[in-house]
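Take a look at the structure set out below.
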Amino acid sequence: MAENKCAARLEPSSRDMSELKNRFKPGYDWETICSTMLEHLMCGVAIYELCPDRVRSLYFNKKYYEMVGYTKEQYEQYADSVTSSLYGDSAEMIFEKAGRSAKTGETFYAECKGRRYDGSDIWVLVKAKLVDFIESEHPVFLAIVQDMTNRKLAEYENAVNLERYRILEATSNAVTFEYDIPDDIMTFSYSGGRADSANRSISNYAEVSKRTKIVYPDDAAKFYAALKKASKKPVSCMTLDYRSTIIDQNSYRWVRTCYSSVADASGKVIKVLGRTQDIDNEKREQQRMIQLVELDSTTGLLNKLATTNHIQRLISEKTNAKSFFAMLDIDDFKAFNDTYGHTVGDRILQVFTERVRKRMDFPHLFARIGGDEFILIAYGQENEEKADKLFNGIRVALQDLVVEGAGDVRISFSMGKAVYPRDGNNIDELIAHADGDIYTEKRTRSGKIGATA
């Protein structure tokens, strides 16, 4: 009976926004609803109706279909029961959380696992809010759906690798060492039950280790600082990660040293003892995972998540120093994709990135935070005039930008600026201020906005 009532309330033929618009309650205008639904342009947007025995779809945006790998027609089989495309545990979780949210009015989050059209698994993060601008006898939710499959796979792979490395560390060979401080002699013991196990002693270690660069130059400062500290005062079970030729005398590898220092009866430190383990594979895997999660695959720049975290850390430091932000938006980028294809679109992003990078000096930050949106953060500028000089230099560098495959069409862009803390005390306020500048620039620009011949 409940199923028939739900079907009677809404029988959409295409689930297009034009049909849904007819059910908006009085007082809710079209622009308000659209701005609410489209604020996350890189995410799937969905509207669901929570019936007693199923979750019924009222609307999906284009990004949602792209994310799950279905065309609109192919996904129709799940439209009246969206959770049937999910695995059992995920479907039950959606029902449970949506039911609780319908009673409390609180926004709920759910990590769900489902199936794409090609049969592969997909993990999504659903953020759903109860809304009242749709007429229905059942609770209606507006949801933002993000693809988190890569992150989940990375977490799983990382967990497997970490466990693998724990096993390797417990069973593989390691190097123990003993540093005789008064005589300045370091003795390495290469054990592990091998027939060719042997000791290696180095006299005048303090001088020889620096001259022969046993420790990788970039890690030398922290290594010798730790050794100096342990030589002056007893320490116990300290650890240090660095690159060294201790394990393989022909190449630098990441190692982890666990060490302690021993004092004589008078309290004077006379020995530093420890064990050094090869962790090179583990370190490189961690670095690869960080790149997978934090870098944009097309441009190699930091992605939106990593940039947001970076800016939040910058703001949390609560210094009085100003930071200068610039938002860059490629004009009519969607038109380029539609006209010339995504390969040319990706090339536009890459050439655009290369041009900007050539005009930048360390330690400025340049990142991609959306499909055609970039952000530049200028550090160490004495005043706004200096920052503007940098930003204007980028404008010059991007003039007459033409990309192979796009004919003779010139790529143009718009720029908006913001100063922290003058224009905002958080990332949302700063981006909103810069977006305002971009909007003004687009409106005041004469002729066609975007790509011009």
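Just so we're on the same page: first chain in the structure tokens is A, next is B, and so on; residues restart at 1 for each chain, and ligands are numbered from 1 in the order they show up.
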Exercise. Could you pull out the helix (DSSP H, G or I) residues of stretch 45-88 of chain A from DSSP and send them as a ChimeraX atom specification?
Worked result: /A:62-68,76-79,82-85,88
Convert the current residue selection to file output with N, CA and C atoms, as a compact mmCIF listing (two decimals), in the first residue's frame.
```txt
# COMPACT_ATOMS: atom_id res chain seq x y z
N LYS A 62 23.93 15.69 -13.83
CA LYS A 62 24.75 14.99 -14.81
C LYS A 62 25.98 14.36 -14.17
N LYS A 63 26.57 15.05 -13.22
CA LYS A 63 27.78 14.55 -12.57
C LYS A 63 27.51 13.24 -11.85
N TYR A 64 26.31 13.10 -11.30
CA TYR A 64 25.97 11.87 -10.59
C TYR A 64 26.03 10.67 -11.55
N TYR A 65 25.41 10.84 -12.73
CA TYR A 65 25.41 9.75 -13.70
C TYR A 65 26.83 9.42 -14.16
N GLU A 66 27.64 10.46 -14.38
CA GLU A 66 29.03 10.23 -14.79
C GLU A 66 29.78 9.45 -13.71
N MET A 67 29.52 9.77 -12.46
CA MET A 67 30.23 9.17 -11.34
C MET A 67 29.91 7.68 -11.22
N VAL A 68 28.64 7.31 -11.38
CA VAL A 68 28.26 5.91 -11.23
C VAL A 68 28.41 5.12 -12.53
N GLU A 76 17.73 3.99 -15.01
CA GLU A 76 16.31 4.02 -14.72
C GLU A 76 15.85 2.80 -13.93
N GLN A 77 16.55 1.68 -14.09
CA GLN A 77 16.17 0.47 -13.37
C GLN A 77 16.30 0.62 -11.86
N TYR A 78 17.15 1.60 -11.41
CA TYR A 78 17.33 1.82 -9.98
C TYR A 78 16.59 3.05 -9.47
N ALA A 79 15.94 3.78 -10.36
CA ALA A 79 15.37 5.07 -9.99
C ALA A 79 14.32 4.97 -8.89
N VAL A 82 16.74 3.35 -5.24
CA VAL A 82 18.14 3.70 -5.44
C VAL A 82 19.07 2.77 -4.67
N THR A 83 18.65 2.37 -3.47
CA THR A 83 19.54 1.55 -2.65
C THR A 83 19.75 0.15 -3.22
N SER A 84 18.97 -0.25 -4.22
CA SER A 84 19.18 -1.56 -4.83
C SER A 84 20.48 -1.62 -5.63
N SER A 85 21.08 -0.46 -5.91
CA SER A 85 22.38 -0.43 -6.58
C SER A 85 23.53 -0.50 -5.58
N GLY A 88 24.33 -4.71 0.45
CA GLY A 88 23.35 -4.82 1.53
C GLY A 88 23.61 -3.96 2.74
```
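Residues lying within 10 Å of A:Asp241, counting only C-alpha atoms and ignoring same-chain neighbours fewer than 2 positions away, are Asp219, Lys222, Phe223, Thr239, Arg243, Ser244, Trp254, Val255, Arg256, Thr257, Cys258, Thr276, Gln277, Asp278, Ile279, Asp280 and Lys283 of chain A.
Excluding A:Ile369 itself and same-chain residues fewer than 6 positions from it, the residues having an atom within 9 Å of it are Asp296, Leu302, Asn303, Lys304, Leu305, Thr307, Thr308 and Ile375 of chain A, counting only C-alpha atoms.
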For the selection just defined, write its residues with N, CA and C atoms to a file, as an mmCIF file, in the first residue's frame.
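So the final result, stored in selection.cif, reads:
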```cif
data_model
loop_
_atom_site.group_PDB
_atom_site.id
_atom_site.type_symbol
_atom_site.label_atom_id
_atom_site.label_comp_id
_atom_site.auth_asym_id
_atom_site.auth_seq_id
_atom_site.Cartn_x
_atom_site.Cartn_y
_atom_site.Cartn_z
ATOM 1 N N ASP A 296 46.397 16.563 -8.014
ATOM 2 C CA ASP A 296 45.505 16.487 -9.163
ATOM 3 C C ASP A 296 46.212 15.708 -10.269
ATOM 4 N N LEU A 302 48.501 20.536 -6.333
ATOM 5 C CA LEU A 302 47.703 20.133 -5.192
ATOM 6 C C LEU A 302 46.226 20.210 -5.562
ATOM 7 N N ASN A 303 45.422 19.258 -5.050
ATOM 8 C CA ASN A 303 43.998 19.301 -5.335
ATOM 9 C C ASN A 303 43.271 20.141 -4.284
ATOM 10 N N LYS A 304 41.938 20.192 -4.394
ATOM 11 C CA LYS A 304 41.161 21.073 -3.519
ATOM 12 C C LYS A 304 41.282 20.661 -2.058
ATOM 13 N N LEU A 305 41.228 19.347 -1.779
ATOM 14 C CA LEU A 305 41.312 18.882 -0.393
ATOM 15 C C LEU A 305 42.628 19.290 0.249
ATOM 16 N N THR A 307 44.699 21.643 -0.700
ATOM 17 C CA THR A 307 44.810 23.102 -0.634
ATOM 18 C C THR A 307 43.995 23.647 0.522
ATOM 19 N N THR A 308 42.778 23.123 0.696
ATOM 20 C CA THR A 308 41.936 23.563 1.807
ATOM 21 C C THR A 308 42.628 23.307 3.138
ATOM 22 N N ILE A 375 43.955 28.361 -7.736
ATOM 23 C CA ILE A 375 44.216 29.356 -6.697
ATOM 24 C C ILE A 375 45.723 29.520 -6.541
#
```
Problem set entry | Nearby residues (only C-alpha atoms) at most 8 Å from stretch 213-217 of chain A, same-chain spacing under 3 positions excluded, as a PyMOL selection string | chain A and resi 209-210+220-221+223+242-246+252
Exercise. When distances are computed from only C-alpha atoms, which of A:Leu227, A:Val403, A:Ala46, A:Ile411 shows the smallest separation from A:Thr343?
Worked result: A:Val403
Exercise. Hey, can you check how far atom CA of A:Arg288 sits from atom CA of A:Leu153?
Worked result: 13.1 Å
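Taking only C-alpha atoms into account, A:Asn150 lies nearest to A:Ser297 out of the set A:Asn61, A:Thr444, A:Ser266, A:Ser297.
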Non-local contacts of A:Leu125 (6 Å; only C-alpha atoms; under 6 positions in same chain excluded) as an mmCIF file with N, CA and C atoms, in the first residue's frame:
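As a result, out_33.cif now contains:
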```cif
data_model
loop_
_atom_site.group_PDB
_atom_site.id
_atom_site.type_symbol
_atom_site.label_atom_id
_atom_site.label_comp_id
_atom_site.auth_asym_id
_atom_site.auth_seq_id
_atom_site.Cartn_x
_atom_site.Cartn_y
_atom_site.Cartn_z
ATOM 1 N N ALA A 110 27.107 9.351 5.116
ATOM 2 C CA ALA A 110 27.212 7.898 4.980
ATOM 3 C C ALA A 110 28.226 7.550 3.901
ATOM 4 N N GLU A 111 29.113 6.607 4.222
ATOM 5 C CA GLU A 111 30.036 6.060 3.239
ATOM 6 C C GLU A 111 29.425 4.770 2.712
ATOM 7 N N VAL A 145 26.847 13.895 -3.348
ATOM 8 C CA VAL A 145 27.459 12.565 -3.443
ATOM 9 C C VAL A 145 28.855 12.696 -4.049
ATOM 10 N N GLN A 146 29.856 12.272 -3.302
ATOM 11 C CA GLN A 146 31.243 12.380 -3.748
ATOM 12 C C GLN A 146 31.848 10.996 -3.955
#
```
